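Trainee: So here's run.cif, just mmCIF, C-alpha atoms:
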```
data_protein
loop_
_atom_site.label_atom_id
_atom_site.label_comp_id
_atom_site.auth_asym_id
_atom_site.auth_seq_id
_atom_site.Cartn_x
_atom_site.Cartn_y
_atom_site.Cartn_z
CA MET A 1 -6.50 -1.25 38.23
CA GLU A 2 -5.03 -1.11 34.71
CA GLN A 3 -6.98 1.13 32.32
CA PRO A 4 -8.40 -0.56 29.19
CA ILE A 5 -6.93 0.39 25.79
CA LEU A 6 -9.76 2.05 23.87
CA LYS A 7 -10.39 2.67 20.17
CA ASN A 8 -10.48 6.37 19.16
CA LYS A 9 -8.76 7.43 22.39
CA HIS A 10 -5.61 9.57 22.09
CA TYR A 11 -2.29 8.42 23.58
CA GLU A 12 1.24 9.81 23.76
CA ILE A 13 3.66 7.15 22.52
CA GLU A 14 7.42 6.94 22.01
CA ILE A 15 8.37 5.04 18.86
CA ILE A 16 11.02 2.45 19.74
CA ASP A 17 11.29 0.34 16.56
CA LEU A 18 10.14 -0.12 12.96
CA GLY A 19 7.86 -2.81 11.60
CA ALA A 20 8.38 -4.76 8.37
CA GLN A 21 6.41 -2.19 6.35
CA GLY A 22 8.32 0.78 7.76
CA GLU A 23 5.65 1.69 10.29
CA GLY A 24 6.64 2.95 13.74
CA VAL A 25 6.27 0.58 16.71
CA GLY A 26 5.50 1.87 20.21
CA LYS A 27 4.05 0.62 23.49
CA ILE A 28 1.23 1.54 25.84
CA GLY A 29 2.36 -0.57 28.79
CA GLU A 30 2.61 -4.07 27.26
CA PHE A 31 0.21 -3.18 24.43
CA THR A 32 1.96 -2.80 21.05
CA VAL A 33 0.88 -0.02 18.69
CA PHE A 34 1.83 0.15 14.99
CA VAL A 35 1.93 3.73 13.71
CA PRO A 36 2.40 4.48 9.98
CA GLU A 37 4.45 7.60 9.17
CA ALA A 38 6.19 7.48 12.58
CA ILE A 39 9.82 6.44 12.97
CA THR A 40 12.17 5.36 15.74
CA GLY A 41 12.83 8.27 18.10
CA ASP A 42 9.53 10.10 17.47
CA VAL A 43 7.27 10.99 20.38
CA VAL A 44 3.79 11.23 18.88
CA GLU A 45 0.18 11.75 19.86
CA VAL A 46 -1.85 8.99 18.20
CA ARG A 47 -5.50 8.11 17.93
CA LEU A 48 -6.09 4.37 18.07
CA ILE A 49 -8.04 3.39 14.95
CA LYS A 50 -7.96 -0.40 15.46
CA VAL A 51 -7.64 -2.36 18.70
CA LYS A 52 -6.95 -6.10 18.96
CA LYS A 53 -6.22 -8.17 22.08
CA SER A 54 -2.51 -7.39 22.39
CA TYR A 55 -1.85 -4.86 19.65
CA GLY A 56 -3.45 -2.05 17.69
CA TYR A 57 -2.95 0.56 14.98
CA GLY A 58 -2.68 4.28 15.54
CA LYS A 59 -2.89 7.40 13.40
CA VAL A 60 -0.46 10.26 14.04
CA MET A 61 -2.37 13.32 15.25
CA GLN A 62 0.72 15.38 16.00
CA ILE A 63 4.46 14.91 16.37
CA ILE A 64 5.28 16.05 19.91
CA SER A 65 9.03 15.51 19.56
CA PRO A 66 10.50 14.60 16.15
CA SER A 67 13.13 11.89 15.75
CA PRO A 68 16.64 12.90 14.69
CA PHE A 69 16.19 10.32 11.90
CA ARG A 70 13.26 12.23 10.39
CA GLN A 71 13.43 14.41 7.26
CA ASP A 72 10.88 16.52 5.41
CA SER A 73 9.36 14.62 2.50
CA LYS A 74 10.31 16.10 -0.87
CA CYS A 75 6.86 15.24 -2.24
CA ALA A 76 3.82 17.25 -1.09
CA VAL A 77 1.50 14.22 -1.19
CA ALA A 78 3.93 11.59 0.17
CA ALA A 79 1.75 10.84 3.20
CA LYS A 80 -1.36 10.30 1.04
CA CYS A 81 0.09 8.56 -2.00
CA GLY A 82 0.71 4.81 -1.87
CA GLY A 83 3.99 5.02 -3.79
CA CYS A 84 6.52 6.07 -1.13
CA GLN A 85 6.02 4.71 2.37
CA ILE A 86 9.23 5.94 4.05
CA GLN A 87 10.16 9.21 2.36
CA HIS A 88 10.07 10.86 5.80
CA MET A 89 13.16 8.82 6.87
CA LYS A 90 16.66 10.09 6.21
CA TYR A 91 18.14 8.03 3.39
CA GLN A 92 20.82 6.27 5.45
CA VAL A 93 18.10 5.25 7.92
CA GLN A 94 16.11 3.78 5.03
CA LEU A 95 19.14 1.72 4.00
CA ASP A 96 19.72 0.52 7.58
CA PHE A 97 16.03 -0.41 7.86
CA LYS A 98 16.27 -2.53 4.70
CA THR A 99 19.42 -4.32 5.86
CA LYS A 100 17.72 -5.17 9.15
CA LYS A 101 14.57 -6.31 7.32
CA VAL A 102 16.60 -8.81 5.28
CA LYS A 103 18.48 -10.07 8.35
CA ASP A 104 15.25 -10.46 10.34
CA CYS A 105 13.53 -12.44 7.56
CA ILE A 106 16.48 -14.80 7.12
CA GLU A 107 16.66 -15.48 10.87
CA ARG A 108 12.93 -15.52 11.68
CA ILE A 109 11.41 -17.11 8.54
CA GLY A 110 14.42 -19.07 7.29
CA GLY A 111 15.66 -20.12 10.72
CA LEU A 112 19.21 -19.44 9.52
CA LYS A 113 21.73 -17.94 11.95
CA ASP A 114 25.07 -16.19 11.44
CA ILE A 115 24.44 -15.42 7.76
CA LYS A 116 26.59 -12.60 6.40
CA VAL A 117 24.20 -9.83 5.29
CA LYS A 118 26.10 -6.86 3.90
CA ASP A 119 24.98 -3.23 4.19
CA THR A 120 22.36 -2.26 1.61
CA LEU A 121 23.83 -0.59 -1.48
CA GLY A 122 22.06 2.74 -1.98
CA MET A 123 21.95 5.47 -4.61
CA GLU A 124 24.06 8.59 -4.65
CA VAL A 125 20.96 10.62 -5.60
CA PRO A 126 17.85 8.62 -4.60
CA TYR A 127 15.31 10.71 -6.55
CA HIS A 128 13.78 10.66 -10.07
CA TYR A 129 15.05 7.13 -10.63
CA ARG A 130 11.94 5.42 -12.02
CA ASN A 131 11.78 4.85 -15.77
CA LYS A 132 8.13 3.76 -15.81
CA ALA A 133 4.91 5.32 -14.55
CA GLN A 134 1.30 4.13 -14.85
CA TYR A 135 -1.16 6.88 -13.98
CA PRO A 136 -4.84 6.01 -13.46
CA ILE A 137 -7.19 8.62 -14.94
CA ARG A 138 -10.58 9.34 -13.38
CA LYS A 139 -13.24 12.04 -13.51
CA GLU A 140 -14.47 13.57 -10.26
CA GLU A 141 -17.43 15.91 -10.83
CA ASP A 142 -16.15 18.06 -13.74
CA SER A 143 -12.45 17.57 -13.06
CA ILE A 144 -10.09 15.06 -14.67
CA GLN A 145 -7.79 13.57 -12.05
CA MET A 146 -4.49 11.90 -12.77
CA GLY A 147 -1.96 10.69 -10.19
CA PHE A 148 -1.46 7.59 -8.08
CA PHE A 149 -3.74 5.53 -5.87
CA ALA A 150 -3.80 6.15 -2.14
CA GLN A 151 -2.57 3.19 -0.10
CA LYS A 152 -4.90 0.18 -0.14
CA SER A 153 -7.54 1.98 -2.24
CA HIS A 154 -8.55 2.97 -5.75
CA ARG A 155 -8.92 6.60 -4.72
CA ILE A 156 -6.63 8.82 -6.79
CA VAL A 157 -4.29 11.27 -5.09
CA PRO A 158 -4.09 13.96 -7.80
CA SER A 159 -0.56 15.16 -8.46
CA ASN A 160 1.55 15.93 -11.51
CA LYS A 161 4.78 16.12 -9.50
CA CYS A 162 6.56 13.03 -8.19
CA SER A 163 10.01 12.99 -6.61
CA ILE A 164 10.85 9.48 -7.83
CA GLN A 165 9.53 9.73 -11.42
CA ASP A 166 11.20 11.38 -14.42
CA PRO A 167 10.47 15.16 -14.32
CA LYS A 168 9.37 15.14 -17.98
CA ASN A 169 6.31 13.16 -16.93
CA GLU A 170 4.81 16.39 -15.56
CA GLN A 171 4.82 17.99 -19.02
CA ILE A 172 3.36 14.87 -20.64
CA MET A 173 0.60 14.57 -18.02
CA GLN A 174 -0.41 18.20 -18.60
CA ILE A 175 -0.54 17.73 -22.39
CA VAL A 176 -2.74 14.63 -22.02
CA THR A 177 -5.04 16.33 -19.47
CA ASP A 178 -5.48 19.40 -21.70
CA PHE A 179 -6.20 17.19 -24.73
CA LEU A 180 -8.84 15.18 -22.86
CA ASN A 181 -10.54 18.34 -21.55
CA GLU A 182 -10.44 20.35 -24.77
CA ASN A 183 -11.77 17.49 -26.90
CA HIS A 184 -14.35 16.22 -24.39
CA ILE A 185 -12.94 12.69 -24.37
CA THR A 186 -14.83 10.43 -21.97
CA ILE A 187 -13.03 9.01 -18.95
CA TYR A 188 -13.36 5.38 -17.83
CA ASN A 189 -15.54 4.55 -14.82
CA GLU A 190 -14.48 1.38 -12.98
CA GLU A 191 -17.95 0.66 -11.61
CA THR A 192 -20.00 1.10 -14.78
CA HIS A 193 -17.28 -0.01 -17.27
CA LYS A 194 -18.22 3.02 -19.38
CA GLY A 195 -15.96 5.74 -20.74
CA LEU A 196 -12.87 5.57 -22.91
CA VAL A 197 -9.57 6.62 -21.31
CA ARG A 198 -8.29 4.47 -18.44
CA HIS A 199 -4.55 5.00 -17.84
CA LEU A 200 -1.52 6.90 -19.05
CA MET A 201 1.71 4.89 -19.14
CA ILE A 202 5.09 6.54 -19.70
CA LYS A 203 8.37 4.66 -20.16
CA THR A 204 11.69 6.48 -20.29
CA GLY A 205 15.09 5.33 -21.48
CA TYR A 206 17.28 6.55 -18.64
CA HIS A 207 20.49 6.38 -20.68
CA THR A 208 19.04 7.11 -24.13
CA ASN A 209 16.43 9.80 -23.31
CA GLU A 210 13.89 7.96 -25.49
CA ILE A 211 10.31 8.30 -24.17
CA MET A 212 7.28 6.10 -24.83
CA VAL A 213 3.79 7.52 -24.20
CA CYS A 214 0.97 4.97 -24.14
CA LEU A 215 -2.68 5.84 -23.52
CA VAL A 216 -4.75 2.88 -22.31
CA ILE A 217 -8.32 3.00 -23.63
CA ASN A 218 -11.53 1.04 -23.24
CA GLY A 219 -12.13 0.94 -26.97
CA HIS A 220 -10.59 0.69 -30.42
CA LYS A 221 -10.12 4.32 -31.47
CA LEU A 222 -9.25 7.72 -29.98
CA SER A 223 -10.86 10.63 -31.79
CA LYS A 224 -8.57 13.54 -32.76
CA ALA A 225 -5.54 11.43 -31.84
CA ASP A 226 -3.52 13.43 -34.38
CA LEU A 227 -3.88 16.53 -32.17
CA LEU A 228 -2.49 14.64 -29.17
CA VAL A 229 0.41 13.28 -31.23
CA ALA A 230 1.28 16.78 -32.48
CA GLU A 231 1.53 18.12 -28.91
CA LEU A 232 3.43 15.14 -27.50
CA ARG A 233 6.02 15.35 -30.29
CA LYS A 234 7.03 18.76 -28.88
CA VAL A 235 8.40 17.00 -25.77
CA ASP A 236 12.12 16.32 -26.18
CA GLY A 237 12.78 12.59 -26.42
CA VAL A 238 9.29 11.32 -27.29
CA SER A 239 9.92 8.65 -29.92
CA SER A 240 6.98 6.28 -29.42
CA ILE A 241 3.27 7.12 -29.02
CA LEU A 242 0.78 4.26 -28.74
CA LEU A 243 -2.74 3.28 -27.81
CA ASN A 244 -3.20 0.16 -25.73
CA HIS A 245 -6.64 -1.44 -25.90
CA GLN A 246 -7.92 -2.81 -22.59
CA LEU A 247 -11.59 -3.66 -23.08
CA ALA A 248 -11.98 -6.06 -20.16
CA LYS A 249 -13.58 -5.14 -16.84
CA THR A 250 -10.45 -5.78 -14.81
CA ASN A 251 -7.79 -4.16 -12.64
CA VAL A 252 -5.11 -5.36 -15.08
CA ILE A 253 -3.81 -2.15 -16.63
CA LEU A 254 -2.72 -3.25 -20.09
CA GLY A 255 -4.59 -5.24 -22.71
CA GLY A 256 -2.95 -7.53 -25.24
CA GLU A 257 -3.39 -5.31 -28.31
CA THR A 258 -1.52 -2.08 -29.07
CA THR A 259 -1.82 0.44 -31.92
CA LEU A 260 1.13 2.61 -32.98
CA LEU A 261 0.27 6.30 -33.45
CA TYR A 262 3.79 7.68 -33.97
CA GLY A 263 7.42 6.56 -34.09
CA LYS A 264 8.57 3.09 -33.03
CA GLU A 265 6.74 0.34 -31.14
CA TYR A 266 9.57 0.25 -28.60
CA ILE A 267 12.26 2.36 -26.98
CA ILE A 268 15.87 1.42 -26.22
CA ASP A 269 17.64 1.66 -22.88
CA LYS A 270 20.92 0.32 -21.54
CA ILE A 271 22.12 -1.62 -18.52
CA GLY A 272 25.89 -1.40 -18.44
CA ASP A 273 27.17 -1.93 -22.00
CA LEU A 274 24.07 -3.85 -23.10
CA SER A 275 21.09 -2.40 -24.97
CA PHE A 276 17.50 -3.58 -24.56
CA LYS A 277 14.30 -3.09 -26.53
CA ILE A 278 11.43 -2.07 -24.25
CA SER A 279 7.90 -2.56 -25.60
CA PRO A 280 4.64 -1.51 -23.88
CA LEU A 281 4.06 -5.03 -22.55
CA SER A 282 7.64 -6.06 -21.76
CA PHE A 283 9.00 -6.08 -18.22
CA PHE A 284 12.13 -4.02 -17.59
CA GLN A 285 13.61 -3.09 -14.23
CA VAL A 286 12.39 0.39 -13.25
CA ASN A 287 15.70 1.62 -11.81
CA PRO A 288 18.43 1.07 -14.44
CA LEU A 289 21.25 2.52 -12.32
CA GLN A 290 20.64 0.13 -9.43
CA THR A 291 19.83 -2.73 -11.81
CA GLU A 292 23.40 -2.47 -13.06
CA VAL A 293 24.63 -2.60 -9.45
CA LEU A 294 22.48 -5.70 -8.79
CA TYR A 295 23.48 -7.53 -11.98
CA LYS A 296 27.17 -6.81 -11.50
CA LYS A 297 26.86 -8.39 -8.07
CA ALA A 298 25.14 -11.46 -9.62
CA LEU A 299 27.98 -11.68 -12.14
CA GLU A 300 30.56 -11.42 -9.34
CA TYR A 301 28.85 -14.19 -7.36
CA ALA A 302 28.70 -16.45 -10.45
CA GLU A 303 32.54 -16.34 -10.60
CA LEU A 304 32.56 -17.09 -14.32
CA THR A 305 35.81 -17.95 -16.11
CA GLY A 306 34.45 -18.45 -19.63
CA GLU A 307 34.12 -22.23 -19.41
CA GLU A 308 30.80 -22.53 -17.57
CA ILE A 309 27.33 -23.64 -18.64
CA VAL A 310 24.77 -21.38 -16.93
CA TRP A 311 20.99 -21.63 -16.57
CA ASP A 312 18.98 -18.45 -15.94
CA ALA A 313 15.60 -19.45 -14.52
CA TYR A 314 12.84 -16.82 -14.73
CA CYS A 315 14.93 -15.02 -17.35
CA GLY A 316 12.28 -12.50 -18.46
CA ILE A 317 13.49 -10.46 -21.45
CA GLY A 318 17.01 -11.80 -20.93
CA THR A 319 18.59 -8.98 -18.92
CA ILE A 320 20.58 -11.18 -16.51
CA SER A 321 21.15 -13.86 -19.17
CA LEU A 322 22.92 -11.40 -21.44
CA PHE A 323 24.98 -10.02 -18.58
CA LEU A 324 26.15 -13.57 -17.81
CA ALA A 325 26.72 -14.42 -21.48
CA GLN A 326 29.51 -11.83 -21.61
CA LYS A 327 31.58 -14.06 -19.29
CA ALA A 328 30.17 -17.61 -19.67
CA LYS A 329 30.73 -20.31 -22.29
CA LYS A 330 26.98 -20.81 -22.77
CA VAL A 331 23.84 -19.41 -21.11
CA TYR A 332 20.38 -20.98 -21.30
CA GLY A 333 17.41 -18.84 -20.29
CA VAL A 334 13.92 -20.08 -19.49
CA GLU A 335 10.73 -18.07 -18.96
CA ILE A 336 7.04 -19.00 -19.01
CA VAL A 337 5.89 -15.83 -20.85
CA PRO A 338 6.23 -16.29 -24.66
CA GLN A 339 6.41 -12.54 -25.41
CA ALA A 340 9.27 -12.15 -22.93
CA ILE A 341 11.23 -14.91 -24.68
CA GLU A 342 10.71 -13.21 -28.04
CA ASN A 343 12.06 -9.99 -26.50
CA ALA A 344 15.01 -11.94 -25.04
CA LYS A 345 15.93 -13.34 -28.45
CA GLU A 346 15.69 -9.85 -29.99
CA ASN A 347 17.89 -8.42 -27.24
CA ALA A 348 20.53 -11.13 -27.75
CA LYS A 349 20.59 -10.28 -31.46
CA LEU A 350 20.68 -6.54 -30.70
CA ASN A 351 23.82 -7.05 -28.60
CA GLY A 352 25.49 -9.54 -30.93
CA LEU A 353 25.55 -12.33 -28.33
CA THR A 354 25.39 -15.81 -29.88
CA ASN A 355 26.25 -17.96 -26.85
CA VAL A 356 22.80 -17.67 -25.31
CA GLU A 357 19.67 -19.73 -26.00
CA PHE A 358 16.14 -19.17 -24.69
CA PHE A 359 13.26 -21.57 -23.99
CA THR A 360 9.58 -20.93 -23.30
CA GLY A 361 8.08 -22.89 -20.41
CA LYS A 362 8.32 -23.62 -16.72
CA ALA A 363 11.89 -23.74 -15.41
CA GLU A 364 11.08 -26.78 -13.29
CA GLU A 365 10.01 -28.65 -16.46
CA ILE A 366 12.44 -27.34 -19.09
CA ILE A 367 15.67 -27.62 -17.06
CA PRO A 368 15.33 -31.30 -15.98
CA THR A 369 14.00 -32.34 -19.41
CA LEU A 370 17.01 -30.93 -21.24
CA TYR A 371 19.30 -32.38 -18.58
CA LYS A 372 17.89 -35.89 -19.09
CA GLU A 373 17.36 -35.78 -22.86
CA GLU A 374 20.33 -33.67 -24.02
CA GLY A 375 22.70 -33.87 -21.07
CA ILE A 376 22.70 -30.10 -20.48
CA LYS A 377 24.02 -29.81 -16.93
CA ALA A 378 24.65 -26.39 -15.44
CA ASP A 379 27.73 -25.42 -13.50
CA THR A 380 25.86 -22.39 -12.22
CA ILE A 381 22.14 -21.65 -11.99
CA VAL A 382 20.80 -18.12 -11.52
CA VAL A 383 17.24 -17.69 -10.26
CA ASP A 384 15.36 -14.38 -10.27
CA PRO A 385 11.80 -15.38 -9.37
CA PRO A 386 8.72 -13.17 -8.94
CA ARG A 387 7.68 -11.96 -5.49
CA LYS A 388 6.19 -15.36 -4.58
CA GLY A 389 9.66 -16.93 -4.78
CA CYS A 390 10.77 -20.17 -6.44
CA ASP A 391 8.31 -22.91 -7.28
CA ILE A 392 8.95 -25.96 -5.05
CA TYR A 393 9.50 -28.09 -8.16
CA LEU A 394 12.29 -25.78 -9.27
CA LEU A 395 13.90 -26.02 -5.81
CA GLU A 396 13.69 -29.81 -6.07
CA THR A 397 15.27 -29.58 -9.55
CA LEU A 398 18.14 -27.56 -8.10
CA LYS A 399 18.58 -30.20 -5.41
CA ASP A 400 18.64 -33.02 -7.99
CA MET A 401 20.95 -31.28 -10.49
CA ALA A 402 23.27 -30.04 -7.72
CA PRO A 403 25.04 -27.24 -9.62
CA GLN A 404 28.25 -26.11 -7.94
CA LYS A 405 26.97 -22.55 -7.60
CA ILE A 406 23.54 -20.91 -7.28
CA VAL A 407 23.00 -17.15 -7.50
CA TYR A 408 19.62 -16.14 -6.10
CA VAL A 409 18.28 -12.69 -7.04
CA SER A 410 15.23 -11.80 -4.95
CA CYS A 411 12.65 -9.01 -4.77
CA ASP A 412 11.07 -10.23 -1.52
CA PRO A 413 13.10 -11.01 1.64
CA ALA A 414 10.35 -13.23 3.12
CA THR A 415 10.14 -15.69 0.21
CA LEU A 416 13.92 -15.47 -0.20
CA ALA A 417 14.35 -16.62 3.42
CA ARG A 418 11.93 -19.52 2.88
CA ASP A 419 13.78 -20.69 -0.25
CA LEU A 420 17.23 -20.27 1.31
CA ALA A 421 16.12 -22.49 4.19
CA TYR A 422 15.30 -25.27 1.68
CA LEU A 423 18.56 -24.85 -0.24
CA VAL A 424 20.63 -24.95 2.94
CA LYS A 425 18.76 -27.58 4.97
CA GLU A 426 17.45 -29.86 2.19
CA ALA A 427 19.71 -29.35 -0.82
CA GLY A 428 23.10 -29.07 0.90
CA TYR A 429 24.17 -25.54 0.01
CA THR A 430 26.14 -23.00 2.03
CA ILE A 431 25.36 -19.29 1.80
CA GLY A 432 28.40 -17.14 1.02
CA GLU A 433 26.87 -13.71 1.55
CA VAL A 434 23.69 -11.74 1.05
CA GLN A 435 23.89 -8.33 -0.64
CA PRO A 436 20.76 -6.12 -0.38
CA VAL A 437 20.41 -3.47 -3.09
CA ASP A 438 18.10 -0.46 -2.84
CA MET A 439 16.25 -0.57 -6.14
CA PHE A 440 13.31 1.46 -4.81
CA PRO A 441 14.40 4.35 -2.55
CA HIS A 442 11.70 5.79 -0.26
CA THR A 443 9.71 2.54 -0.38
CA THR A 444 9.91 -0.52 1.88
CA HIS A 445 10.95 -2.80 -0.99
CA VAL A 446 14.45 -4.23 -1.17
CA GLU A 447 16.18 -6.53 -3.66
CA CYS A 448 18.90 -9.01 -2.72
CA CYS A 449 21.60 -11.02 -4.41
CA VAL A 450 22.78 -14.20 -2.66
CA SER A 451 25.73 -16.49 -3.39
CA LEU A 452 25.40 -20.21 -2.60
CA LYS A 453 27.86 -23.06 -3.09
CA LYS A 454 27.38 -26.82 -2.94
CA ASN A 455 28.82 -28.43 0.19
#
```
As structure tokens - that is how I would like this structure written.

Mentor:
Amino acid sequence: MEQPILKNKHYEIEIIDLGAQGEGVGKIGEFTVFVPEAITGDVVEVRLIKVKKSYGYGKVMQIISPSPFRQDSKCAVAAKCGGCQIQHMKYQVQLDFKTKKVKDCIERIGGLKDIKVKDTLGMEVPYHYRNKAQYPIRKEEDSIQMGFFAQKSHRIVPSNKCSIQDPKNEQIMQIVTDFLNENHITIYNEETHKGLVRHLMIKTGYHTNEIMVCLVINGHKLSKADLLVAELRKVDGVSSILLNHQLAKTNVILGGETTLLYGKEYIIDKIGDLSFKISPLSFFQVNPLQTEVLYKKALEYAELTGEEIVWDAYCGIGTISLFLAQKAKKVYGVEIVPQAIENAKENAKLNGLTNVEFFTGKAEEIIPTLYKEEGIKADTIVVDPPRKGCDIYLLETLKDMAPQKIVYVSCDPATLARDLAYLVKEAGYTIGEVQPVDMFPHTTHVECCVSLKKN
């Protein structure tokens, strides 16, 4: 008689595959077990922590035989922190995993076969690539803790070292911690909504070495702020020190109001030959080296000759728009966030580009309105939607306008696959190729750039 699979019992399992979130997949007979922190080729002892009818989840108790694809994590708290899920995989294995993830989504969710998915483009040195960090600050007993949240929790994993953040962050974190301790500044409590200091945000100009330090507070003033400014100014590159005021009881990190303590209200960074102003509230890709790789691919897929009219839907602060404007006759960008459009206009001016125009609103409303009222018809449309993918009304707009080319930039393979299925099956487009780009090494996230042409 077959033995029942029991919760909390220990089993020896060989990991034979990887799941969509980078977790190991093994079998106990026909029973599937998902095991975080295990990879293909591992033989592990696991304790089952959740048991369903045909599958369960296990926790690694020991690695009996390590996979040849395994590497030691560079970060001491990688297994606890929620930032890096697959740092224990060799980098080429990470890239292969991401390529397969994109292929699987396109086939399984999109129902599209024989699509050319190229190998994921990785980094030469996949460490210390992030130009933005947001550290929650909490007080445990008499100790101030700063770090990142553990996976699926609001429990801080204290650490001032991170293998994917800029190394200067360590020095800044120590200065802020010492200031808070020495001056007895109160720390925010999520449950009671009492206390002052909530988060520390640091933004770094990868190519310019300019650093922004922003302390997020539950109030209007920070006492002895001049002492903090004096210490932070000793860090090479610090050119902007701000307070952000978040008074709401919310998980949203930043509030709408910011006070300048020192320097400028923004920093500058570059993508390729273009410069961009980065404010505390503006969105900017966190990996500028790979962003350039991604945008160059989008420009390649657009096949611009200098005569085209291009729409950039979900244009944000105009990063892709300005890239395209270097080669197009005219680029129109549309974004629903007013502040982002203001940043986009500033960035166009900063780079001396006059053949680009930006509109505030929903792409699915702005694009067809200007098409009908002013006859603005795009030869090429670029879409770079948020993780939820394109709004159905925008997809219908693309179908109606029927531009010759669409370039789809995606940060989520699942919603990308869903939208590609519509564009192919409903709107009459053919996919040229799909190029994954590793914007976030050591995580399960992958960006893609896709070329589509009208049949």

Trainee: Using all atoms listed in the file, find all polymer residues with an atom at most 10 Å away from the point (16.6, 9.7, -3.9); report them as a list in words.

Mentor: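 Looking at atoms near the point gives Lys74, Gln87, Tyr91, Gly122, Met123, Glu124, Val125, Pro126, Tyr127, His128, Tyr129, Ser163, Ile164, Phe440, Pro441 and His442 of chain A.
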
Trainee: Would you mind telling me which residue in A:Ala378, A:Leu281, A:Leu353, A:Ile28 lies nearest to Ile309 in chain A when using only C-alpha atoms?

Mentor: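 Among the listed residues, the smallest separation from Ile309 in chain A belongs to A:Ala378.
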
Trainee: Let me make sure I understand: among A:Cys449, A:Cys75, A:Ile253, A:Ile217, which one has the smallest atom-to-atom distance to Gln165 in chain A if we use all atoms listed in the file?

Mentor: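 The shortest atom-to-atom distance to Gln165 in chain A comes from A:Cys75.
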
Trainee: If the PyMOL selection byres ((chain A and resi 302) around 8) were run on this exact file, what residues would it hold? Put them as a PyMOL selection string.

Mentor: chain A and resi 298-301+303-304+380+405-407+451

Trainee: Between CA of Trp311 in chain A and CA of Thr415 in chain A, what is the spacing in Å?

Mentor: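 So the answer is 20.8 Å.
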
Trainee: Fewer than 4 positions away in the same chain doesn't count, so skip those; otherwise give me all residues within 6 Å of Thr443 in chain A, counting all atoms listed in the file, as a list of chain:residue names.

Mentor: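 The residues that qualify are A:Cys84, A:Gln85, A:Ile86.
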
Trainee: Please, which residues are within 12 Å of (-6.0, 12.5, -34.1) by the file's coordinates, counting only C-alpha atoms, and could they come as JSON, numbers by chain?

Mentor: {"A": [179, 180, 183, 185, 221, 222, 223, 224, 225, 226, 227, 228, 229, 230, 231, 232, 241, 242, 243, 261, 262]}

Trainee: Any idea what the distance is between CA of Val77 in chain A and CA of Ser159 in chain A?

Mentor: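 A separation of 7.6 Å between them.
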
Trainee: If the PyMOL selection byres ((chain A and resi 10) around 9) were run on this exact file, what residues would it hold? Put them as a PyMOL selection string.

Mentor: chain A and resi 6-9+11-12+45-48+58+61

Trainee: Generate the output file for the selected residues, C-alpha atoms, as an mmCIF file, in the coordinates of the input.

Mentor:
```cif
data_model
loop_
_atom_site.group_PDB
_atom_site.id
_atom_site.type_symbol
_atom_site.label_atom_id
_atom_site.label_comp_id
_atom_site.auth_asym_id
_atom_site.auth_seq_id
_atom_site.Cartn_x
_atom_site.Cartn_y
_atom_site.Cartn_z
ATOM 1 C CA LEU A 6 -9.760 2.050 23.870
ATOM 2 C CA LYS A 7 -10.390 2.670 20.170
ATOM 3 C CA ASN A 8 -10.480 6.370 19.160
ATOM 4 C CA LYS A 9 -8.760 7.430 22.390
ATOM 5 C CA TYR A 11 -2.290 8.420 23.580
ATOM 6 C CA GLU A 12 1.240 9.810 23.760
ATOM 7 C CA GLU A 45 0.180 11.750 19.860
ATOM 8 C CA VAL A 46 -1.850 8.990 18.200
ATOM 9 C CA ARG A 47 -5.500 8.110 17.930
ATOM 10 C CA LEU A 48 -6.090 4.370 18.070
ATOM 11 C CA GLY A 58 -2.680 4.280 15.540
ATOM 12 C CA MET A 61 -2.370 13.320 15.250
#
```

Trainee: Determine the residue membership of the PyMOL selection byres ((chain A and resi 93) around 12) for the file above and supply it as a ChimeraX atom specification.

Mentor: /A:18,22,39-41,67-71,86-92,94-100,119-120,122,441-442,444

Trainee: Would you export the selected residues with C-alpha atoms as a short mmCIF file (atom, residue, chain, number, x, y, z; two decimals), in the coordinates of the input, please?

Mentor:
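Written out: part-v4.cif:
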```cif
data_model
loop_
_atom_site.label_atom_id
_atom_site.label_comp_id
_atom_site.auth_asym_id
_atom_site.auth_seq_id
_atom_site.Cartn_x
_atom_site.Cartn_y
_atom_site.Cartn_z
CA LEU A 18 10.14 -0.12 12.96
CA GLY A 22 8.32 0.78 7.76
CA ILE A 39 9.82 6.44 12.97
CA THR A 40 12.17 5.36 15.74
CA GLY A 41 12.83 8.27 18.10
CA SER A 67 13.13 11.89 15.75
CA PRO A 68 16.64 12.90 14.69
CA PHE A 69 16.19 10.32 11.90
CA ARG A 70 13.26 12.23 10.39
CA GLN A 71 13.43 14.41 7.26
CA ILE A 86 9.23 5.94 4.05
CA GLN A 87 10.16 9.21 2.36
CA HIS A 88 10.07 10.86 5.80
CA MET A 89 13.16 8.82 6.87
CA LYS A 90 16.66 10.09 6.21
CA TYR A 91 18.14 8.03 3.39
CA GLN A 92 20.82 6.27 5.45
CA GLN A 94 16.11 3.78 5.03
CA LEU A 95 19.14 1.72 4.00
CA ASP A 96 19.72 0.52 7.58
CA PHE A 97 16.03 -0.41 7.86
CA LYS A 98 16.27 -2.53 4.70
CA THR A 99 19.42 -4.32 5.86
CA LYS A 100 17.72 -5.17 9.15
CA ASP A 119 24.98 -3.23 4.19
CA THR A 120 22.36 -2.26 1.61
CA GLY A 122 22.06 2.74 -1.98
CA PRO A 441 14.40 4.35 -2.55
CA HIS A 442 11.70 5.79 -0.26
CA THR A 444 9.91 -0.52 1.88
#
```

Trainee: Could you please determine the separation between CA of Arg198 in chain A and CA of Gln285 in chain A in Å, to one decimal place?

Mentor: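 Those two atoms sit 23.5 Å apart.
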